[in-house]
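With mmCIF, C-alpha atoms inside, this is query25.cif:
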```cif
data_entry
loop_
_atom_site.group_PDB
_atom_site.id
_atom_site.type_symbol
_atom_site.label_atom_id
_atom_site.label_comp_id
_atom_site.auth_asym_id
_atom_site.auth_seq_id
_atom_site.Cartn_x
_atom_site.Cartn_y
_atom_site.Cartn_z
ATOM 1 C CA MET A 1466 -102.385 -113.415 -44.716
ATOM 2 C CA VAL A 1467 -100.456 -110.455 -44.954
ATOM 3 C CA ALA A 1468 -98.915 -109.161 -41.884
ATOM 4 C CA ILE A 1469 -98.074 -105.634 -41.961
ATOM 5 C CA ALA A 1470 -95.726 -104.690 -39.287
ATOM 6 C CA ALA A 1471 -94.936 -101.247 -38.449
ATOM 7 C CA GLY A 1472 -91.252 -101.333 -37.984
ATOM 8 C CA PRO A 1473 -88.983 -98.822 -36.706
ATOM 9 C CA GLY A 1474 -89.034 -97.170 -40.062
ATOM 10 C CA ALA A 1475 -92.609 -96.176 -39.612
ATOM 11 C CA ALA A 1476 -93.174 -92.611 -40.089
ATOM 12 C CA GLN A 1477 -92.797 -90.639 -36.944
ATOM 13 C CA GLN A 1478 -93.269 -87.047 -36.555
ATOM 14 C CA VAL A 1479 -89.889 -85.599 -35.876
ATOM 15 C CA GLN A 1480 -90.084 -83.056 -33.199
ATOM 16 C CA LYS A 1481 -87.885 -80.195 -34.204
ATOM 17 C CA PRO A 1482 -86.281 -78.564 -31.225
ATOM 18 C CA ALA A 1483 -87.660 -75.139 -30.474
ATOM 19 C CA PRO A 1484 -85.385 -72.441 -31.795
ATOM 20 C CA ALA A 1485 -83.181 -70.960 -29.140
ATOM 21 C CA PRO A 1486 -84.436 -67.571 -28.056
ATOM 22 C CA LYS A 1487 -82.433 -64.733 -29.466
ATOM 23 C CA PRO A 1488 -80.317 -63.053 -26.825
ATOM 24 C CA THR A 1489 -81.548 -59.576 -26.047
ATOM 25 C CA GLN A 1490 -79.516 -57.013 -27.939
ATOM 26 C CA VAL A 1491 -79.202 -53.450 -26.820
ATOM 27 C CA HIS A 1492 -77.795 -50.733 -29.003
ATOM 28 C CA VAL A 1493 -76.087 -47.832 -27.303
ATOM 29 C CA MET A 1494 -75.039 -44.808 -29.308
ATOM 30 C CA VAL A 1495 -71.948 -43.337 -27.672
ATOM 31 C CA VAL A 1496 -70.703 -39.921 -28.716
ATOM 32 C CA VAL A 1497 -67.629 -38.274 -27.232
ATOM 33 C CA ASN A 1498 -67.679 -34.489 -27.441
ATOM 34 C CA HIS A 1499 -65.333 -31.737 -26.373
ATOM 35 C CA VAL A 1500 -66.701 -28.508 -24.941
ATOM 36 C CA SER A 1501 -64.538 -25.481 -24.413
ATOM 37 C CA GLN A 1502 -64.739 -21.905 -23.305
ATOM 38 C CA HIS A 1503 -62.478 -20.828 -26.083
ATOM 39 C CA PRO A 1504 -64.399 -19.229 -28.951
ATOM 40 C CA GLY A 1505 -65.105 -21.559 -31.793
ATOM 41 C CA PRO A 1506 -67.817 -23.149 -33.867
ATOM 42 C CA VAL A 1507 -70.534 -25.477 -32.664
ATOM 43 C CA ASP A 1508 -70.162 -28.737 -34.548
ATOM 44 C CA PRO A 1509 -73.498 -29.367 -36.311
ATOM 45 C CA ALA A 1510 -73.315 -32.989 -35.154
ATOM 46 C CA ALA A 1511 -73.272 -31.688 -31.581
ATOM 47 C CA ALA A 1512 -76.134 -29.232 -31.976
ATOM 48 C CA LYS A 1513 -78.512 -31.282 -29.834
ATOM 49 C CA LEU A 1514 -75.971 -31.516 -27.048
ATOM 50 C CA GLU A 1515 -75.312 -27.797 -27.283
ATOM 51 C CA ARG A 1516 -79.000 -27.064 -26.791
ATOM 52 C CA ARG A 1517 -79.108 -29.345 -23.773
ATOM 53 C CA LEU A 1518 -76.094 -27.786 -22.093
ATOM 54 C CA ARG A 1519 -76.724 -24.174 -22.970
ATOM 55 C CA PRO A 1520 -79.129 -23.353 -20.093
ATOM 56 C CA ASP A 1521 -76.705 -24.417 -17.394
ATOM 57 C CA PHE A 1522 -73.152 -24.397 -18.663
ATOM 58 C CA LYS A 1523 -71.021 -21.633 -20.044
ATOM 59 C CA TYR A 1524 -68.953 -22.649 -23.018
ATOM 60 C CA LYS A 1525 -68.226 -21.223 -26.387
ATOM 61 C CA SER A 1526 -67.560 -24.184 -28.639
ATOM 62 C CA VAL A 1527 -68.398 -27.832 -28.896
ATOM 63 C CA ARG A 1528 -67.217 -30.510 -31.271
ATOM 64 C CA VAL A 1529 -67.702 -34.224 -31.769
ATOM 65 C CA ILE A 1530 -64.509 -36.228 -31.317
ATOM 66 C CA GLN A 1531 -65.673 -39.808 -31.755
ATOM 67 C CA THR A 1532 -68.850 -41.780 -32.269
ATOM 68 C CA GLU A 1533 -69.537 -45.453 -31.716
ATOM 69 C CA GLN A 1534 -72.668 -47.539 -31.931
ATOM 70 C CA MET A 1535 -72.325 -50.416 -29.470
ATOM 71 C CA SER A 1536 -74.474 -53.494 -29.947
ATOM 72 C CA LEU A 1537 -74.366 -55.415 -26.721
ATOM 73 C CA ALA A 1538 -76.040 -58.418 -25.204
ATOM 74 C CA LEU A 1539 -77.156 -58.133 -21.602
ATOM 75 C CA ASN A 1540 -74.191 -58.370 -19.238
ATOM 76 C CA GLN A 1541 -71.794 -57.818 -22.107
ATOM 77 C CA THR A 1542 -69.354 -54.937 -21.614
ATOM 78 C CA GLY A 1543 -68.635 -52.529 -24.425
ATOM 79 C CA SER A 1544 -65.683 -50.194 -24.164
ATOM 80 C CA LEU A 1545 -63.890 -47.461 -25.994
ATOM 81 C CA THR A 1546 -60.781 -45.463 -25.281
ATOM 82 C CA LEU A 1547 -61.349 -41.787 -24.653
ATOM 83 C CA PRO A 1548 -58.944 -39.114 -25.955
ATOM 84 C CA THR A 1549 -57.583 -38.893 -22.399
ATOM 85 C CA GLY A 1550 -56.452 -42.506 -22.675
ATOM 86 C CA ARG A 1551 -59.015 -43.668 -20.124
ATOM 87 C CA LEU A 1552 -61.500 -46.408 -20.841
ATOM 88 C CA LEU A 1553 -65.217 -45.834 -21.061
ATOM 89 C CA LYS A 1554 -67.149 -49.013 -20.255
ATOM 90 C CA VAL A 1555 -70.819 -49.641 -20.815
ATOM 91 C CA LYS A 1556 -72.636 -52.713 -19.542
ATOM 92 C CA PRO A 1557 -76.370 -53.223 -20.013
ATOM 93 C CA ARG A 1558 -77.597 -55.518 -17.278
ATOM 94 C CA LYS A 1559 -81.317 -55.984 -17.409
ATOM 95 C CA LEU A 1560 -84.348 -54.750 -19.271
ATOM 96 C CA GLY A 1561 -87.199 -53.694 -17.047
ATOM 97 C CA GLN A 1562 -90.499 -51.978 -17.608
ATOM 98 C CA ARG A 1563 -89.057 -48.648 -16.559
ATOM 99 C CA GLY A 1564 -85.957 -48.866 -18.645
ATOM 100 C CA LEU A 1565 -82.599 -50.461 -19.142
ATOM 101 C CA LEU A 1566 -80.447 -51.086 -16.094
ATOM 102 C CA MET A 1567 -77.003 -50.130 -17.209
ATOM 103 C CA THR A 1568 -73.620 -49.538 -15.608
ATOM 104 C CA VAL A 1569 -71.338 -46.879 -17.031
ATOM 105 C CA GLU A 1570 -67.771 -46.414 -15.933
ATOM 106 C CA ILE A 1571 -65.188 -43.858 -16.922
ATOM 107 C CA GLU A 1572 -61.917 -45.237 -15.684
ATOM 108 C CA GLY A 1573 -60.529 -43.278 -12.785
ATOM 109 C CA THR A 1574 -63.403 -40.824 -12.681
ATOM 110 C CA LEU A 1575 -66.890 -42.184 -12.353
ATOM 111 C CA ARG A 1576 -68.934 -45.305 -12.003
ATOM 112 C CA THR A 1577 -72.676 -45.070 -12.130
ATOM 113 C CA SER A 1578 -75.620 -47.407 -12.242
ATOM 114 C CA LEU A 1579 -78.490 -46.097 -14.332
ATOM 115 C CA ARG A 1580 -82.027 -47.014 -15.281
ATOM 116 C CA VAL A 1581 -82.428 -45.490 -18.707
ATOM 117 C CA PRO A 1582 -85.709 -45.403 -20.630
ATOM 118 C CA ASN A 1583 -85.537 -46.175 -24.319
ATOM 119 C CA HIS A 1584 -83.990 -43.328 -26.327
ATOM 120 C CA HIS A 1585 -83.328 -41.370 -23.152
ATOM 121 C CA GLN A 1586 -79.971 -39.664 -23.456
ATOM 122 C CA VAL A 1587 -77.482 -39.647 -20.614
ATOM 123 C CA VAL A 1588 -74.952 -36.818 -20.796
ATOM 124 C CA ILE A 1589 -71.821 -37.235 -18.706
ATOM 125 C CA GLY A 1590 -69.355 -34.428 -18.264
ATOM 126 C CA ALA A 1591 -66.455 -36.026 -16.509
ATOM 127 C CA GLN A 1592 -62.908 -35.506 -17.607
ATOM 128 C CA ASN A 1593 -60.975 -32.361 -18.275
ATOM 129 C CA TYR A 1594 -59.398 -32.428 -21.696
ATOM 130 C CA GLN A 1595 -57.180 -29.839 -23.361
ATOM 131 C CA ASP A 1596 -58.807 -26.473 -22.718
ATOM 132 C CA GLY A 1597 -62.197 -27.830 -21.778
ATOM 133 C CA LYS A 1598 -64.049 -30.977 -20.872
ATOM 134 C CA LEU A 1599 -64.980 -34.266 -22.438
ATOM 135 C CA VAL A 1600 -68.724 -34.798 -22.553
ATOM 136 C CA VAL A 1601 -69.940 -38.304 -23.328
ATOM 137 C CA THR A 1602 -73.507 -38.922 -24.427
ATOM 138 C CA LEU A 1603 -75.099 -42.357 -24.318
ATOM 139 C CA GLU A 1604 -78.460 -43.218 -25.774
ATOM 140 C CA PRO A 1605 -79.902 -46.753 -25.668
ATOM 141 C CA ASP A 1606 -82.104 -48.258 -28.324
ATOM 142 C CA TYR A 1607 -83.771 -51.564 -27.522
ATOM 143 C CA GLU A 1608 -86.915 -53.611 -27.932
ATOM 144 C CA TYR A 1609 -88.600 -54.477 -24.706
ATOM 145 C CA PRO A 1610 -89.760 -58.126 -24.917
ATOM 146 C CA MET B 624 -69.080 -53.206 1.151
ATOM 147 C CA ARG B 625 -70.280 -54.372 -2.245
ATOM 148 C CA ALA B 626 -73.407 -56.292 -2.971
ATOM 149 C CA CYS B 627 -73.023 -59.803 -4.323
ATOM 150 C CA GLU B 628 -72.544 -59.661 -8.069
ATOM 151 C CA ASP B 629 -75.272 -62.234 -8.626
ATOM 152 C CA PHE B 630 -77.846 -60.075 -6.882
ATOM 153 C CA VAL B 631 -76.893 -56.516 -7.819
ATOM 154 C CA THR B 632 -79.419 -56.256 -10.604
ATOM 155 C CA ASP B 633 -82.139 -58.033 -8.666
ATOM 156 C CA LEU B 634 -81.689 -55.602 -5.782
ATOM 157 C CA GLU B 635 -82.408 -52.655 -8.012
ATOM 158 C CA LEU B 636 -85.441 -54.278 -9.556
ATOM 159 C CA PHE B 637 -86.660 -55.316 -6.122
ATOM 160 C CA HIS B 638 -86.263 -51.757 -4.864
ATOM 161 C CA ASP B 639 -88.371 -50.529 -7.771
ATOM 162 C CA GLY B 640 -91.022 -53.182 -7.266
ATOM 163 C CA GLU B 641 -90.281 -54.848 -10.594
ATOM 164 C CA LEU B 642 -88.758 -58.129 -9.516
ATOM 165 C CA ALA B 643 -90.768 -61.234 -10.394
ATOM 166 C CA PRO B 644 -92.146 -63.197 -7.416
ATOM 167 C CA PRO B 645 -89.897 -66.252 -7.720
ATOM 168 C CA ALA B 646 -86.848 -64.022 -7.764
ATOM 169 C CA VAL B 647 -88.237 -61.986 -4.861
ATOM 170 C CA HIS B 648 -88.417 -65.112 -2.774
ATOM 171 C CA GLN B 649 -84.863 -66.042 -3.682
ATOM 172 C CA LEU B 650 -83.602 -62.546 -2.955
ATOM 173 C CA GLU B 651 -85.365 -62.301 0.374
ATOM 174 C CA HIS B 652 -83.806 -65.593 1.385
ATOM 175 C CA HIS B 653 -80.400 -64.229 0.399
ATOM 176 C CA LEU B 654 -80.926 -60.945 2.232
ATOM 177 C CA ARG B 655 -81.485 -62.796 5.458
ATOM 178 C CA GLN B 656 -77.932 -64.056 5.194
ATOM 179 C CA CYS B 657 -76.036 -61.287 3.442
ATOM 180 C CA ALA B 658 -75.195 -58.028 5.178
ATOM 181 C CA SER B 659 -73.587 -56.564 2.046
ATOM 182 C CA CYS B 660 -76.758 -56.874 0.037
ATOM 183 C CA ARG B 661 -78.858 -55.522 2.881
ATOM 184 C CA ALA B 662 -76.540 -52.517 2.983
ATOM 185 C CA GLU B 663 -76.871 -52.057 -0.776
ATOM 186 C CA LEU B 664 -80.654 -52.083 -0.510
ATOM 187 C CA GLU B 665 -80.488 -49.487 2.213
ATOM 188 C CA THR B 666 -78.212 -47.373 0.035
ATOM 189 C CA LEU B 667 -80.753 -47.402 -2.776
ATOM 190 C CA SER B 668 -83.351 -46.154 -0.320
ATOM 191 C CA GLU B 669 -80.980 -43.528 1.059
ATOM 192 C CA LEU B 670 -80.513 -42.025 -2.363
ATOM 193 C CA ARG B 671 -84.155 -41.062 -2.337
ATOM 194 C CA ARG B 672 -84.562 -39.782 1.122
ATOM 195 C CA GLN B 673 -81.315 -38.535 2.577
ATOM 196 C CA LEU B 674 -80.359 -34.822 2.581
ATOM 197 C CA VAL B 675 -76.916 -33.622 3.473
ATOM 198 C CA GLN B 676 -75.416 -30.250 3.319
ATOM 199 C CA HIS B 677 -73.581 -29.747 0.083
ATOM 200 C CA ASP B 678 -70.327 -28.189 1.108
ATOM 201 C CA SER B 679 -69.118 -26.296 -1.897
ATOM 202 C CA ALA B 680 -65.729 -24.971 -0.816
ATOM 203 C CA THR B 681 -65.106 -23.486 -4.220
ATOM 204 C CA PRO B 682 -67.995 -21.758 -5.899
ATOM 205 C CA HIS B 683 -68.388 -22.362 -9.594
ATOM 206 C CA PRO B 684 -69.427 -18.998 -10.946
ATOM 207 C CA ASP B 685 -70.008 -20.249 -14.447
ATOM 208 C CA LEU B 686 -72.650 -22.641 -13.270
ATOM 209 C CA TRP B 687 -73.990 -21.647 -9.868
ATOM 210 C CA GLY B 688 -74.822 -18.116 -10.821
ATOM 211 C CA ALA B 689 -77.364 -19.420 -13.289
ATOM 212 C CA ILE B 690 -78.772 -21.907 -10.808
ATOM 213 C CA GLU B 691 -79.061 -19.415 -7.963
ATOM 214 C CA ALA B 692 -80.838 -16.994 -10.259
ATOM 215 C CA ARG B 693 -83.539 -19.592 -10.796
ATOM 216 C CA LEU B 694 -84.308 -20.237 -7.150
ATOM 217 C CA PRO B 695 -86.373 -17.080 -6.522
ATOM 218 C CA ALA B 696 -88.340 -17.910 -9.651
ATOM 219 C CA LEU B 697 -89.001 -21.341 -8.212
ATOM 220 C CA ASP B 698 -90.330 -19.940 -4.954
ATOM 221 C CA SER B 699 -92.695 -17.631 -6.747
ATOM 222 C CA GLU B 700 -93.889 -20.510 -8.926
ATOM 223 C CA LEU B 701 -94.634 -22.571 -5.894
ATOM 224 C CA HIS B 702 -96.241 -19.552 -4.208
ATOM 225 C CA THR B 703 -94.979 -20.587 -0.831
ATOM 226 C CA PRO B 704 -91.434 -21.517 0.057
ATOM 227 C CA LEU B 705 -91.164 -25.226 0.649
ATOM 228 C CA PRO B 706 -89.612 -26.576 3.817
ATOM 229 C CA TRP B 707 -86.522 -28.585 3.046
ATOM 230 C CA TRP B 708 -88.176 -31.978 3.556
ATOM 231 C CA ARG B 709 -90.793 -31.143 0.938
ATOM 232 C CA ARG B 710 -88.125 -30.329 -1.582
ATOM 233 C CA LEU B 711 -87.564 -34.027 -2.114
ATOM 234 C CA GLU B 712 -90.910 -34.216 -3.829
ATOM 235 C CA LEU B 713 -91.411 -33.493 -7.456
ATOM 236 C CA GLY B 714 -91.498 -29.925 -8.600
ATOM 237 C CA PRO B 715 -89.802 -27.658 -11.034
ATOM 238 C CA TRP B 716 -86.261 -26.529 -10.352
ATOM 239 C CA ILE B 717 -85.692 -27.750 -6.843
ATOM 240 C CA LEU B 718 -82.176 -27.686 -5.515
ATOM 241 C CA ARG B 719 -81.554 -30.947 -3.759
ATOM 242 C CA PRO B 720 -78.288 -31.496 -2.057
ATOM 243 C CA ILE B 721 -78.075 -35.180 -1.412
ATOM 244 C CA GLY B 722 -75.234 -37.119 0.115
ATOM 245 C CA VAL B 723 -74.956 -40.738 -0.810
ATOM 246 C CA VAL B 724 -72.760 -43.456 0.464
ATOM 247 C CA ALA B 725 -72.847 -45.672 -2.529
ATOM 248 C CA ALA B 726 -72.104 -49.311 -2.378
ATOM 249 C CA PHE B 727 -69.087 -48.721 -4.579
ATOM 250 C CA GLY B 728 -67.511 -46.078 -2.395
ATOM 251 C CA ALA B 729 -68.059 -42.788 -0.694
ATOM 252 C CA ILE B 730 -68.705 -39.622 -2.643
ATOM 253 C CA ALA B 731 -68.554 -36.111 -1.295
ATOM 254 C CA ALA B 732 -71.912 -34.838 -2.394
ATOM 255 C CA VAL B 733 -74.433 -35.179 -5.139
ATOM 256 C CA VAL B 734 -76.326 -32.083 -6.037
ATOM 257 C CA VAL B 735 -79.486 -32.788 -7.883
ATOM 258 C CA LEU B 736 -81.470 -30.189 -9.744
ATOM 259 C CA ALA B 737 -84.865 -31.655 -10.346
ATOM 260 C CA ARG B 738 -87.090 -30.878 -13.239
ATOM 261 C CA PRO B 739 -89.838 -33.406 -13.745
ATOM 262 C CA PRO B 740 -89.281 -36.231 -14.345
ATOM 263 C CA ALA B 741 -86.798 -36.374 -11.481
ATOM 264 C CA PRO B 742 -83.307 -37.459 -12.558
ATOM 265 C CA ILE B 743 -83.106 -39.590 -9.475
ATOM 266 C CA ASP B 744 -85.195 -42.137 -11.367
ATOM 267 C CA VAL B 745 -82.400 -42.499 -13.919
ATOM 268 C CA VAL B 746 -79.371 -42.440 -11.635
ATOM 269 C CA ARG B 747 -79.455 -45.407 -9.272
ATOM 270 C CA SER B 748 -76.027 -45.068 -7.730
ATOM 271 C CA ILE B 749 -72.946 -43.034 -8.458
ATOM 272 C CA ASP B 750 -69.349 -43.103 -7.313
ATOM 273 C CA THR B 751 -66.932 -40.326 -8.232
ATOM 274 C CA SER B 752 -64.261 -41.114 -5.662
ATOM 275 C CA GLY B 753 -65.096 -38.122 -3.561
ATOM 276 C CA ARG B 754 -65.574 -35.516 -6.266
ATOM 277 C CA PRO B 755 -68.744 -33.456 -6.137
ATOM 278 C CA VAL B 756 -71.147 -34.338 -8.895
ATOM 279 C CA MET B 757 -74.310 -32.746 -10.141
ATOM 280 C CA VAL B 758 -77.254 -34.550 -11.652
ATOM 281 C CA LEU B 759 -79.981 -32.721 -13.525
ATOM 282 C CA PRO B 760 -82.408 -33.389 -16.311
ATOM 283 C CA SER B 761 -82.201 -31.175 -19.326
ATOM 284 C CA SER B 762 -85.546 -32.318 -20.634
ATOM 285 C CA ASP B 763 -87.916 -35.258 -20.399
ATOM 286 C CA ASP B 764 -85.632 -37.343 -22.555
ATOM 287 C CA ALA B 765 -82.200 -36.546 -21.142
ATOM 288 C CA THR B 766 -80.268 -36.555 -17.882
ATOM 289 C CA ILE B 767 -77.004 -34.734 -17.269
ATOM 290 C CA ILE B 768 -74.346 -36.009 -14.885
ATOM 291 C CA TRP B 769 -71.593 -33.471 -14.322
ATOM 292 C CA VAL B 770 -68.501 -34.271 -12.317
ATOM 293 C CA MET B 771 -67.168 -31.031 -10.928
ATOM 294 C CA ASP B 772 -63.517 -30.118 -11.037
ATOM 295 C CA ASP B 773 -61.474 -31.122 -8.062
ATOM 296 C CA PRO B 774 -60.055 -27.810 -6.821
ATOM 297 C CA SER B 775 -56.967 -29.547 -5.519
ATOM 298 C CA GLU B 776 -56.019 -30.815 -8.947
ATOM 299 C CA ASP B 777 -53.694 -28.855 -11.168
ATOM 300 C CA SER B 778 -55.563 -28.315 -14.387
ATOM 301 C CA GLY B 779 -52.332 -27.830 -16.251
ATOM 302 C CA THR B 780 -53.455 -25.057 -18.524
ATOM 303 C CA GLY B 781 -54.411 -22.639 -15.790
ATOM 304 C CA GLU B 782 -57.322 -21.744 -17.961
ATOM 305 C CA THR B 783 -59.691 -24.592 -17.301
ATOM 306 C CA PRO B 784 -62.799 -22.867 -16.084
ATOM 307 C CA SER B 785 -64.314 -24.044 -12.854
ATOM 308 C CA GLY B 786 -67.642 -25.679 -13.293
ATOM 309 C CA LEU B 787 -66.708 -27.023 -16.687
#
```
So, in terms of structure tokens, how does the structure I just supplied come out?
Amino acid sequence: MVAIAAGPGAAQQVQKPAPAPKPTQVHVMVVVNHVSQHPGPVDPAAAKLERRLRPDFKYKSVRVIQTEQMSLALNQTGSLTLPTGRLLKVKPRKLGQRGLLMTVEIEGTLRTSLRVPNHHQVVIGAQNYQDGKLVVTLEPDYEYP
Amino acid sequence: MRACEDFVTDLELFHDGELAPPAVHQLEHHLRQCASCRAELETLSELRRQLVQHDSATPHPDLWGAIEARLPALDSELHTPLPWWRRLELGPWILRPIGVVAAFGAIAAVVVLARPPAPIDVVRSIDTSGRPVMVLPSSDDATIIWVMDDPSEDSGTGETPSGL
């Protein structure tokens, strides 16, 4: 008589834990531009901005000062220092069907809560700088789950 | 009066009808007890319906000249002049002075130039510490927020143009 006992070493299917869901990542392209009424060239990198502003704002030159691609998780704050020394802060908060809820703050000047559709550009003219104004553009890029 | 940090995002989604039912129930329970959040919800509604006189003490010739030139064109496009309460509705080039008491602080005035889609759908709240600000779409895929110069500030150069 052979007794076959299934001991603790018997094969068991090991349940692998489900992989943790990837945190939602949002990419925000931030470009800091300077517009001025002094004659000068239009920076080719700022051509799109120039076309947007041309109907409503009088200026004679525009140039790109700095560019940063922020990759942020929801509720993570990205920041960069503007040429004026003030901080620009960007915080994506929630992804909804109608866009990304996002808070943008320019230290000492503006704080705004936005709902921004994917690839919708937000143009913020806020701080005076040198002989003109700093114009910050923000454009989110995300995958809606 | 600021909304509770835990509910700020839910308030906005709730206002837009996008909050999931379980969260709606939780938020409604919270609203019964929290005056700050109730005030924030009211502020979100005010942004869409309130009209105040935009008091522009200092005209901005570089900008307003162009805007004012468009208003007669708007009236002719619409065929009949709209009463002010209709100007909240969608339509091309409608000048909308709107005053908002945002949850984050008071602002002097928000002037919104609306081209469809209305920029008010992008800007949920805005605080510029009392400076006038203009919101307008430049196209379907962009919104412009422009904080106007504070006339009481010394620009330093003496050459900073108003409106820019």
| message | Contacts from chain A to chain B, 6 Å maximum, all atoms listed in the file: show me the residue list as an MDAnalysis selection string. | response | chainID A and resid 1517 1522:1523 1574:1581 1585:1591 1596
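One distance worth recording is that between atom CA of Tyr1594 of chain A and atom CA of Val1500 of chain A, which is 8.9 Å.
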| remark: Of A:Val1601, A:Thr1568, A:Tyr1609, A:Arg1558, the one sitting nearest Val1496 of chain A when using all atoms listed in the file is A:Val1601
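Coordinates place atom CA of Val1569 of chain A at a distance of 25.8 Å from atom CA of Ser1526 of chain A.
The interatomic distance for the pair atom CA of Gln1531 of chain A and atom CA of Val1497 of chain A works out to 5.2 Å.
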| request: Return the single residue from A:Asn1583, A:Gln1592, A:Asn1498, A:Gln1534 that is closest to Leu1552 of chain A, with distances computed using all atoms listed in the file. | output: A:Gln1592
| request: Select all residues near (-67.0, -21.8, -24.0) (cut-off 8 Å, inclusive, file coordinates), counting all atoms listed in the file, and output them as an MDAnalysis selection string. | output: chainID A and resid 1500:1504 1523:1527
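Remark: for Leu1566 of chain A, the closest of the candidate residues B:His648, B:Leu664, B:Ala658, B:Leu634 is B:Leu634 (distances computed over only C-alpha atoms).
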Could you list, as a PDB file with C-alpha atoms, in the coordinates of the input, every residue matched by the PyMOL selection byres ((chain A and resi 1507) around 8) in this structure?
```pdb
ATOM      1  CA  GLY A1505     -65.105 -21.559 -31.793  1.00  0.00           C
ATOM      2  CA  PRO A1506     -67.817 -23.149 -33.867  1.00  0.00           C
ATOM      3  CA  ASP A1508     -70.162 -28.737 -34.548  1.00  0.00           C
ATOM      4  CA  PRO A1509     -73.498 -29.367 -36.311  1.00  0.00           C
ATOM      5  CA  ALA A1511     -73.272 -31.688 -31.581  1.00  0.00           C
ATOM      6  CA  ALA A1512     -76.134 -29.232 -31.976  1.00  0.00           C
ATOM      7  CA  GLU A1515     -75.312 -27.797 -27.283  1.00  0.00           C
ATOM      8  CA  LYS A1525     -68.226 -21.223 -26.387  1.00  0.00           C
ATOM      9  CA  SER A1526     -67.560 -24.184 -28.639  1.00  0.00           C
ATOM     10  CA  VAL A1527     -68.398 -27.832 -28.896  1.00  0.00           C
ATOM     11  CA  ARG A1528     -67.217 -30.510 -31.271  1.00  0.00           C
TER      12      ARG A1528
END
```
| request: May I have the protein, DNA and RNA residues with an atom at most 8 Å from (-60.7, -48.8, -18.5), counting only C-alpha atoms in the file's coordinates, returned as a count of residues only? | output: 10
| query | Could you pull the residues within 6 Å of Val1493 of chain A, counting all atoms listed in the file, minus those fewer than 3 positions along the same chain, as a PyMOL selection string? | reply | chain A and resi 1534-1535+1604-1605
